[in-house]
Each structure stands twice: as C-alpha cells, then as structure tokens.
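Colleague: Structure in structure tokens, see below.
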Amino acid sequence: MRIIVFGASGMIGHGALRASLLDEQVTEVLAVVRSPLDIAHPKLRQIAHTDFTDYTAIQEQLHGLDACLYCLGVSAVGRKEDEYTRVTRDYALAAARALAAANPALTFCYVSGEGSNPTEKSRQMWARVKGRTENELLALPISAHVFRPGYVQPVDGAVSRTPLYRTVYRITAGLYPLLRRAAPRYVTTTRAIGRAMLAVTHAEGTSPSVLRNGDINDLSLSYSPARATKA
C-alpha cells in the first residue's frame with residue numbers, strides 16, 4: 001500500500017505519518033512538504049511543493065496511491081475568512097481533485113474538527129468554512145472520510161505549531177488521563193487519529209463518511225495491520 005500525507009509537519013500530521021511508517025502493510029509514504037522534514041525512514045519519500053492550489057508540477061508523482069491522509073490546516077485565530085478559506089478549503093479540494101484524477105479508487109481521509117457546520121450557516125467563520133469543505137469533499141467521486149476530532153492530546157513527540165495551543169496543551173497535559181476516564185468519547189490523541197485513518201483505509205469503504213472522537217477511538221483500538229485486508 002502506498003500512502004500520501006499532507007501536513008506531516010503539524011501536530012495531527014505527525015500522528016498520521018508515524019502510524020503510516022509503523023504499518024507493515026504500507027510500503028511507501030509520500031509526504032508533500034514545503035520544507036524538508038527532519039526525519040529519515042526507508043519508507044518515507046518527501047516531495048517538495050509550494051503551490052497547494054496547483055499540483056501540475058508533481059502530477060506524475062501522484063499515480064499509484066491507495067490513500068491520502070490529509071492533515072494540512074491552520075488555526076482560524078487572527079485570520080480573515082478569505083485567507084482561512086484558501087488554506088482550509090482551496091488547498092484540500094485541489095489536492096483531492098488532483099489525487100482523484102490520478103487514482104480513482106483512492107481513499108481520502110480529511111481532518112476537520114468537532115463543531116464544523118455542514119449547513120454552512122454558522123456564525124462562526126471556521127465552522128462554516130470547514131462545513132463547506134466537508135460537503136465538497138464528500139461530493140467528489142472518491143471514497144472520502146471526514147474526521148472531526150474534538151480535544152486532541154499530542155503524544156509520541158507531536159507538537160502543535162500554534163503557540164497558544166502549545167501553551168494550552170502544556171497546562172492540560174496532566175489532566176488528560178482524568179478527561180479520558182471521565183469523557184472517553186470526547187477526547188482523543190494524535191496517535192489514535194493516525195491509527196483510525198489507517199483503519200479506514202484498510203476497511204475499503206466500509207467505514208462511516210463522518211467520524212467523531214468516539215468513532216476515532218473505537219477504530220484506533222480495533223486497528224491491527226496484521227488483520228488488514230487491503231494490500
């Protein structure tokens with residue numbers, strides 16, 4: 001199985017990349033990056049790319065892929081709607097369309113967020129944009145799955161690139177075990193998201209189109225590369 005990862009330098013992308021490299025059935029992992037990742041692995045190949053609205057320059061490298069783990073995104077804090085839309089929606093749709101054209105049977109896993117609004121009428125800008133992006137991705141002629149994690153605890157060396165979030169995670173790290181026991185279906189980890197995305201990929205279209213924290217945690221717990229059926 002060959003997988004492509006977007007946003008591998010981010011917190012959730014770290015979990016997706018790590019899970020992919022650990023999966024024995026994944027033979028190659030392509031990471032589309034602006035700047036090289038500080039990691040070396042026999043299965044990892046990095047593709048340098050700068051224009052995330054146009055994949056013409058690397059289109060030939062996008063063939064023969066089984067799944068995309070799309071974790072690229074930014075915080076909406078301090079951003080205007082057009083800027084946030086460009087990164088959140090335009091980048092994701094451009095990647096999905098380019099990959100679909102090269103790989104019609106591709107499984108596309110998109111990391112959205114709990115609270116996204118598929119009616120596209122929310123008063124919260126980020127929720128409208130995320131909802132619109134989800135709707136358009138699910139309408140594409142590929143097997144698309146939307147992941148809506150709520151509270152995500154970074155583990156295995158994952159670090160948020162947003163200073164405010166890093167501070168919050170440092171403060172709440174000690175509380176996570178309590179949150180997990182008190183509300184296990186409302187919290188998850190970067191490791192669980194990565195494992196759940198691979199579980200969806202291995203499941204060959206039998207997973208739900210929209211997955212929340214409970215679904216993510218359940219899939220992570222049941223995920224086992226040894227039992228996967230997709231080669």
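Ligands are numbered from 1 in the order shown, residues from 1 within each chain, and chains are lettered A, B, ... in the order they appear in the structure tokens.
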Run DSSP on the backbone and grab whatever in range 58-209 of chain A lands in helix (DSSP H, G or I); send it over as a VMD selection string.
Modeller: chain A and resid 58 to 62 81 to 102 125 to 138 163 to 182 190 to 202
Colleague: Name the residues in contact with Arg195 in chain A at a cut-off of 9 Å, using only C-alpha atoms, excluding same-chain residues fewer than 4 positions from it; report them as a ChimeraX atom specification.
Modeller: /A:15-16,19-20,190-191,199-200,216,219-221,223-224
Colleague: Quick check, in Å to one decimal: how far apart do CA of Thr133 in chain A and CA of Arg89 in chain A lie?
Modeller: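 Calculated distance between CA of Thr133 in chain A and CA of Arg89 in chain A is 5.1 Å.
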Colleague: Can you tell me, as an MDAnalysis selection string, what residues are no more than 10 Å from Leu138 in chain A when counting only C-alpha atoms, ignoring any on the same chain fewer than 6 positions away?
Modeller: chainID A and resid 108 110 144:146 209:210
Colleague: Those residues you just picked out, can you put them in a file as a compact mmCIF listing (two decimals), in the first residue's frame with N, CA, C and O atoms?
Modeller:
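Result file is result18.txt:
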```txt
# COMPACT_ATOMS: atom_id res chain seq x y z
N PHE A 108 -9.64 9.01 0.68
CA PHE A 108 -9.19 10.34 1.10
C PHE A 108 -9.71 10.61 2.52
O PHE A 108 -10.91 10.71 2.76
N TYR A 110 -9.81 13.22 5.54
CA TYR A 110 -9.65 14.65 5.77
C TYR A 110 -9.88 14.98 7.23
O TYR A 110 -10.93 14.63 7.80
N ALA A 144 -14.28 9.37 0.30
CA ALA A 144 -13.83 10.41 1.22
C ALA A 144 -14.39 10.18 2.62
O ALA A 144 -15.55 9.78 2.77
N HIS A 145 -13.57 10.46 3.61
CA HIS A 145 -13.97 10.32 5.00
C HIS A 145 -13.52 11.55 5.78
O HIS A 145 -12.37 11.98 5.67
N VAL A 146 -14.43 12.12 6.55
CA VAL A 146 -14.18 13.33 7.31
C VAL A 146 -13.97 12.97 8.77
O VAL A 146 -14.82 12.31 9.38
N SER A 209 -18.80 7.97 6.69
CA SER A 209 -18.23 9.11 5.98
C SER A 209 -17.74 10.19 6.93
O SER A 209 -16.79 10.90 6.64
N VAL A 210 -18.42 10.32 8.09
CA VAL A 210 -18.05 11.31 9.09
C VAL A 210 -17.75 10.60 10.39
O VAL A 210 -18.58 9.82 10.88
```
Colleague: Can you pull out every residue within 7 Å of range 148-164 of chain A, counting only C-alpha atoms, but drop anything in the same chain fewer than 5 positions away, and send it as a PyMOL selection string?
Modeller: chain A and resi 10-11+14-15+111-114+186-191+211-213
Colleague: For range 30-38 of chain A, work out the shell of residues within 8 Å, counting only C-alpha atoms and skipping chain neighbours fewer than 3 positions away, then give it as a tab-separated table (two decimals) with N, CA, C and O atoms, in the first residue's frame.
Modeller:
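New file selection30.tsv:
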```tsv
chain	number	residue	atom	x	y	z
A	2	ARG	N	0.50	2.23	-0.83
A	2	ARG	CA	1.23	3.49	-0.90
A	2	ARG	C	0.32	4.62	-0.42
A	2	ARG	O	-0.81	4.75	-0.87
A	3	ILE	N	0.84	5.42	0.50
A	3	ILE	CA	0.06	6.47	1.14
A	3	ILE	C	0.73	7.81	0.95
A	3	ILE	O	1.97	7.91	0.98
A	4	ILE	N	-0.09	8.85	0.78
A	4	ILE	CA	0.43	10.21	0.72
A	4	ILE	C	-0.11	11.00	1.91
A	4	ILE	O	-1.28	10.85	2.27
A	5	VAL	N	0.75	11.78	2.53
A	5	VAL	CA	0.39	12.55	3.73
A	5	VAL	C	0.62	14.03	3.47
A	5	VAL	O	1.69	14.43	3.00
A	6	PHE	N	-0.38	14.83	3.78
A	6	PHE	CA	-0.25	16.28	3.74
A	6	PHE	C	-0.29	16.81	5.17
A	6	PHE	O	-1.08	16.35	5.99
A	7	GLY	N	0.56	17.79	5.47
A	7	GLY	CA	0.58	18.36	6.81
A	7	GLY	C	1.37	17.53	7.80
A	7	GLY	O	1.12	17.59	9.01
A	8	ALA	N	2.35	16.77	7.30
A	8	ALA	CA	3.12	15.88	8.17
A	8	ALA	C	3.93	16.62	9.22
A	8	ALA	O	4.33	16.04	10.24
A	9	SER	N	4.20	17.90	9.00
A	9	SER	CA	4.98	18.67	9.98
A	9	SER	C	4.11	19.20	11.12
A	9	SER	O	4.64	19.72	12.11
A	44	LEU	N	9.91	6.41	3.70
A	44	LEU	CA	9.48	7.80	3.52
A	44	LEU	C	10.16	8.46	2.33
A	44	LEU	O	11.38	8.42	2.19
A	45	ARG	N	9.33	9.09	1.48
A	45	ARG	CA	9.85	9.91	0.39
A	45	ARG	C	9.16	11.27	0.46
A	45	ARG	O	7.93	11.34	0.52
A	46	GLN	N	9.95	12.32	0.47
A	46	GLN	CA	9.41	13.66	0.58
A	46	GLN	C	9.33	14.34	-0.79
A	46	GLN	O	10.26	14.23	-1.59
A	47	ILE	N	8.21	15.01	-1.02
A	47	ILE	CA	8.01	15.74	-2.27
A	47	ILE	C	7.90	17.22	-1.94
A	47	ILE	O	6.95	17.66	-1.28
A	48	ALA	N	8.86	18.00	-2.38
A	48	ALA	CA	8.85	19.45	-2.13
A	48	ALA	C	7.86	20.11	-3.08
A	48	ALA	O	7.90	19.90	-4.29
A	49	HIS	N	6.96	20.91	-2.51
A	49	HIS	CA	5.94	21.58	-3.32
A	49	HIS	C	5.55	22.87	-2.61
A	49	HIS	O	5.46	22.92	-1.38
A	50	THR	N	5.28	23.91	-3.39
A	50	THR	CA	4.95	25.20	-2.78
A	50	THR	C	3.56	25.71	-3.10
A	50	THR	O	2.97	26.43	-2.29
```
Colleague: Could you please determine the separation between CA of Gln25 in chain A and CA of Ala203 in chain A in Å, to one decimal place?
Modeller: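 About the pair CA of Gln25 in chain A and CA of Ala203 in chain A: they are 13.1 Å apart.
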Colleague: Using only C-alpha atoms, find the one residue out of A:Arg18, A:Lys121, A:Arg132, A:Arg170 that sits nearest to Lys43 in chain A.
Modeller: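 Result for the nearest residue to Lys43 in chain A: A:Arg18.
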Colleague: List every residue of chain A that DSSP, applied to the backbone of this structure, assigns to strand (DSSP E), and report them as a VMD selection string.
Modeller: chain A and resid 2 to 6 28 to 33 44 to 48 67 to 70 107 to 111 143 to 148 151 to 153 187 to 189 210 to 212
Colleague: Would you export the selected residues with C-alpha atoms as a PDB file, in the first residue's frame, please?
Modeller:
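out25.pdb, written as the output of this step:
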```
ATOM      1  CA  ARG A   2       1.231   3.490  -0.904  1.00  0.00           C
ATOM      2  CA  ILE A   3       0.058   6.469   1.139  1.00  0.00           C
ATOM      3  CA  ILE A   4       0.433  10.208   0.719  1.00  0.00           C
ATOM      4  CA  VAL A   5       0.386  12.547   3.725  1.00  0.00           C
ATOM      5  CA  PHE A   6      -0.255  16.284   3.735  1.00  0.00           C
ATOM      6  CA  GLU A  28       5.796   3.697   0.822  1.00  0.00           C
ATOM      7  CA  VAL A  29       4.802   7.016   2.379  1.00  0.00           C
ATOM      8  CA  LEU A  30       4.946  10.210   0.346  1.00  0.00           C
ATOM      9  CA  ALA A  31       4.988  13.428   2.350  1.00  0.00           C
ATOM     10  CA  VAL A  32       4.145  16.600   0.433  1.00  0.00           C
ATOM     11  CA  VAL A  33       6.052  19.386   2.182  1.00  0.00           C
ATOM     12  CA  LEU A  44       9.478   7.799   3.518  1.00  0.00           C
ATOM     13  CA  ARG A  45       9.848   9.913   0.389  1.00  0.00           C
ATOM     14  CA  GLN A  46       9.414  13.664   0.577  1.00  0.00           C
ATOM     15  CA  ILE A  47       8.006  15.737  -2.268  1.00  0.00           C
ATOM     16  CA  ALA A  48       8.851  19.446  -2.134  1.00  0.00           C
ATOM     17  CA  ALA A  67      -4.843   6.577   0.297  1.00  0.00           C
ATOM     18  CA  CYS A  68      -4.343  10.190   1.310  1.00  0.00           C
ATOM     19  CA  LEU A  69      -4.158  11.286   4.943  1.00  0.00           C
ATOM     20  CA  TYR A  70      -4.879  14.999   4.681  1.00  0.00           C
ATOM     21  CA  THR A 107      -9.364   6.701  -0.032  1.00  0.00           C
ATOM     22  CA  PHE A 108      -9.195  10.340   1.105  1.00  0.00           C
ATOM     23  CA  CYS A 109      -9.131  10.993   4.877  1.00  0.00           C
ATOM     24  CA  TYR A 110      -9.646  14.652   5.770  1.00  0.00           C
ATOM     25  CA  VAL A 111      -9.088  16.066   9.249  1.00  0.00           C
ATOM     26  CA  SER A 143     -14.049   7.392  -1.096  1.00  0.00           C
ATOM     27  CA  ALA A 144     -13.826  10.414   1.223  1.00  0.00           C
ATOM     28  CA  HIS A 145     -13.969  10.319   5.005  1.00  0.00           C
ATOM     29  CA  VAL A 146     -14.178  13.333   7.309  1.00  0.00           C
ATOM     30  CA  PHE A 147     -12.570  13.164  10.749  1.00  0.00           C
ATOM     31  CA  ARG A 148     -13.990  15.570  13.337  1.00  0.00           C
ATOM     32  CA  TYR A 151      -9.969  17.726  22.132  1.00  0.00           C
ATOM     33  CA  VAL A 152      -6.765  16.154  20.783  1.00  0.00           C
ATOM     34  CA  GLN A 153      -3.875  15.353  23.097  1.00  0.00           C
ATOM     35  CA  VAL A 187     -11.129  13.301  23.824  1.00  0.00           C
ATOM     36  CA  THR A 188      -8.587  11.580  21.626  1.00  0.00           C
ATOM     37  CA  THR A 189      -4.867  11.629  20.767  1.00  0.00           C
ATOM     38  CA  VAL A 210     -18.054  11.313   9.087  1.00  0.00           C
ATOM     39  CA  LEU A 211     -16.151  10.177  12.167  1.00  0.00           C
ATOM     40  CA  ARG A 212     -16.145  11.869  15.570  1.00  0.00           C
TER      41      ARG A 212
END
```
